[in-house]
Each structure stands twice: as C-alpha cells, then as structure tokens.
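Remarks on the structure that follows.
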Amino acid sequence: SRLARPLLAEAGMHSVEQAIRDLVVQALCQLPSGERLRIIELGAGRPSFAAIICKEVDFNRCDYTFATTASAVPEEWQSLQERFPAAELRQVSPAENVETAAIAAAGQFQLALIIADFDTEQDALHALAYSRRQLAPGGSVLVFEQHQSRWMDFVFGARRSWWSVAADDSWVSRHRPAQFWRQQMQRVGFQTGVSLELSADGASGPYLLLSQYTEQVSVASPPAQAVTRNWLLVAD
C-alpha cells in the first residue's frame with residue numbers, strides 16, 4: 001500500500017538505506033574490470049532508494065533503473081533525473097507478459113529492490129515475476145513487505161482489489177505472511193530465501209525478504225521451513 005514507506009521509516013528506514021548504500025559500495029569495489037553493476041528498483045509509487053544509490057554509484061560502471069506500475073511519472077523522478085540524467089525510468093503495465101522475449105546478458109540486473117506498495121496482490125506477484133525476468137543468474141532480490149494490519153484492512157478494505165480468494169475460498173488481505181511470499185518467490189524461480197523482521201514484534205509492521213535467482217529450480221521440492229530473523233537497527 002501507499003503507507004509502506006512511512007511504516008518502513010518508523011521501523012528504521014535510514015538504517016536500511018545505510019545497509020543498501022554499503023552493499024552498493026562493496027559490490028562496486030569487487031566488480032571485475034570491464035563489467036557493470038546494474039540495479040533495478042520496482043514499486044507503485046515514488047522511488048525509495050534512488051537518491052542514495054545514485055549518489056554512491058559511478059555511472060561509468062553502474063546502471064540504475066526505476067520501474068513503476070504507476071500510470072503517471074512520480075514528481076520525485078523529475079528532480080532526480082535532473083541530478084542524475086543517466087538514471088532510467090520504466091513504466092511497467094501489470095498486464096505486460098514478462099516472458100515475451102529473452103533479455104541479453106548485458107541488459108540483466110544483479111540486484112532488484114522491490115517496495116511492495118502495490119494496491120493489489122496480483123500487482124505484487126507481477127512485480128516478483130518481472131524482477132526475476134530482469135535478473136541475471138545469481139542476482140539478488142530484496143522485497144520490502146508489510147504484515148497484515150487490522151487498521152489498514154479497515155481503511156482500505158472497502159475496495160474489492162484489497163482482497164484475494166485463498167485456497168480454502170476465504171477472503172485474505174492484501175498483506176500476507178512472509179511464508180506466503182517466500183512460496184510465491186520460489187514458484188517464479190527464486191531460491192527459498194529468508195525473511196528478516198524489521199520490528200521486534202515479528203507479527204506486525206514491515207519485513208524484508210531476501211533471495212537469489214537461479215536458472216534451475218526444482219519444482220518438485222516442497223517449500224523449506226520458514227526462516228525468520230530479526231534485525232536490530234541502531235542509529236546515531
């Protein structure tokens with residue numbers, strides 16, 4: 001939902017941003033000569049990490065792309081591109097077939113960041129499939145999701161698109177448990193991955209899903225037992 005970023009901020013967004021900044025810097029230091037580090041961020045609203053990434057990267061060796069499902073270009077993007085003209089914007093339709101054509105190795109990404117501020121579960125699933133299609137083998141994906149919240153269900157629950165039909169024909173909220181998304185990630189080609197709680201509660205607030213894309217995934221293997229971890233976020 002659109003409240004994803006404020007909730008992440010309360011959970012220590014600045015510390016998450018610092019971790020991503022350090023990750024980008026480390027990746028660039030280890031980047032083999034002649035190769036490029038390509039990063040893509042996906043979301044339905046404004047870019048969350050574009051500014052910190054674009055400040056840290058050398059665009060002679062790195063590419064940054066923001067892919068949005070929004071019909072209009074976010075206002076923040078205009079000012080960002082004035083400062084970083086090499087940054088790329090893509091507008092992705094939820095109806096787009098992500099399997100239409102092969103992507104050349106030079107056009108694949110090594111890191112995908114997904115802020116799950118999508119209005120519907122279907123849009124979130126499409127973003128997962130799109131990111132998998134864009135990633136190079138061995139590429140990593142970080143998904144920022146949100147536990148189900150009664151007050152959010154109350155505020156947004158009047159919209160039919162907020163709800164989905166579960167396997168038992170019951171209605172479920174837009175925000176699902178981490179294990180559900182880990183299973184969906186496996187279905188589109190990601191490894192099992194881990195979930196990292198961004199709040200001490202572990203049953204409310206935002207959480208992070210971390211995984212990698214591999215070209216060959218055994219569909220016969222059952223989903224692994226959920227691995228949940230907590231992050232202690234400390235700021236000066």
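Ordering of the structure tokens sets the chain letters (A, B, ...); residue numbers start at 1 within each chain; ligands are numbered from 1 in the order shown.
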
Long-range neighbours of Asp123 of chain A as a VMD selection string, 12 Å cut-off, only C-alpha atoms, 6 positions minimum in chain: chain A and resid 1 42 to 44 68 to 70 92 to 96 114 to 117 129 to 130 161 to 162 164 174

Write to file, as a compact mmCIF listing (two decimals), in the first residue's frame, the residues of the selection just made, with C-alpha atoms.
```
# COMPACT_ATOMS: atom_id res chain seq x y z
CA SER A 1 0.00 0.00 0.00
CA LEU A 42 10.37 -1.63 -8.54
CA GLY A 43 7.33 -0.06 -6.95
CA ALA A 44 3.93 1.51 -7.49
CA THR A 68 6.94 1.71 -11.72
CA THR A 69 3.46 0.36 -12.30
CA ALA A 70 2.02 3.86 -11.87
CA VAL A 92 5.51 -1.37 -16.41
CA SER A 93 1.95 -2.44 -17.12
CA PRO A 94 0.52 -5.08 -14.75
CA ALA A 95 -0.91 -6.73 -17.88
CA GLU A 96 2.51 -6.99 -19.52
CA ILE A 114 11.01 -4.13 -4.52
CA ILE A 115 8.95 -1.82 -2.31
CA ALA A 116 5.64 -3.68 -2.12
CA ASP A 117 3.44 -0.58 -2.17
CA ALA A 129 7.86 -12.22 -11.88
CA TYR A 130 9.13 -9.10 -13.63
CA SER A 161 -9.00 -5.19 -5.05
CA TRP A 162 -7.67 -5.19 -1.47
CA SER A 164 -7.97 -12.07 -2.66
CA ARG A 174 -3.57 -7.58 0.51
```

Please identify the alpha helix (DSSP H) residues within segment 19-115 of chain A (assignment by DSSP from backbone atoms) and present them as JSON, numbers by chain. {"A": [19, 20, 21, 22, 23, 24, 25, 26, 27, 28, 29, 50, 51, 52, 53, 54, 55, 56, 75, 76, 77, 78, 79, 80, 81, 82, 83]}

Out of segment 101-185 of chain A, which residues get strand (DSSP E) from DSSP, as a ChimeraX atom specification? /A:109-115,135-146,164-165,171-172

7 Å contact set for Tyr207 of chain A, only C-alpha atoms, chain neighbours under 4 positions out, as a ChimeraX atom specification: /A:144-146,195-198

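Among the candidates A:Asp119, A:Glu88, A:Asp22, A:Glu215, the residue lying nearest to Glu41 of chain A is A:Glu88 (atoms considered: only C-alpha atoms).
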
Hey, which of A:Gln134, A:Gln122, A:Gln26, A:Gln78 ends up closest to Ile40 of chain A? Count only C-alpha atoms.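 Ranking A:Gln134, A:Gln122, A:Gln26, A:Gln78 by distance to Ile40 of chain A, first place goes to A:Gln134.
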
Coordinates-based distance that separates atom CA of Trp181 of chain A from atom CA of Val24 of chain A (Å, one decimal): 25.0 Å

Test item: residues at most 9 Å from segment 32-36 of chain A, only C-alpha atoms, excluding those fewer than 4 positions along its chain, as a ChimeraX atom specification: /A:28,60-63,106

Any idea what the distance is between atom CA of Arg133 of chain A and atom CA of Leu80 of chain A?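 Spanning atom CA of Arg133 of chain A to atom CA of Leu80 of chain A is a straight-line distance of 26.0 Å.
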
Report the distance between atom CA of Gln186 of chain A and atom CA of Leu210 of chain A in Å, rounded to one decimal place.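 Between atom CA of Gln186 of chain A and atom CA of Leu210 of chain A the gap works out to 11.8 Å.
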
Could you name the residues that touch Gly139 of chain A at 6 Å or less, counting only C-alpha atoms, but leaving out those on the same chain fewer than 6 positions away, as a compact mmCIF listing (two decimals) with C-alpha atoms, in the first residue's frame?
```
# COMPACT_ATOMS: atom_id res chain seq x y z
CA GLN A 110 22.47 -8.04 -10.42
CA LEU A 111 20.23 -6.50 -7.74
CA GLN A 212 18.53 -15.06 -5.24
CA TYR A 213 17.55 -16.07 -8.74
```

If we count only C-alpha atoms, what is near Pro137 of chain A at a cut-off of 12 Å, once residues fewer than 4 positions away on the same chain are taken out, given as a PyMOL selection string? chain A and resi 103-105+108-111+131-133+141+189-191+211-217
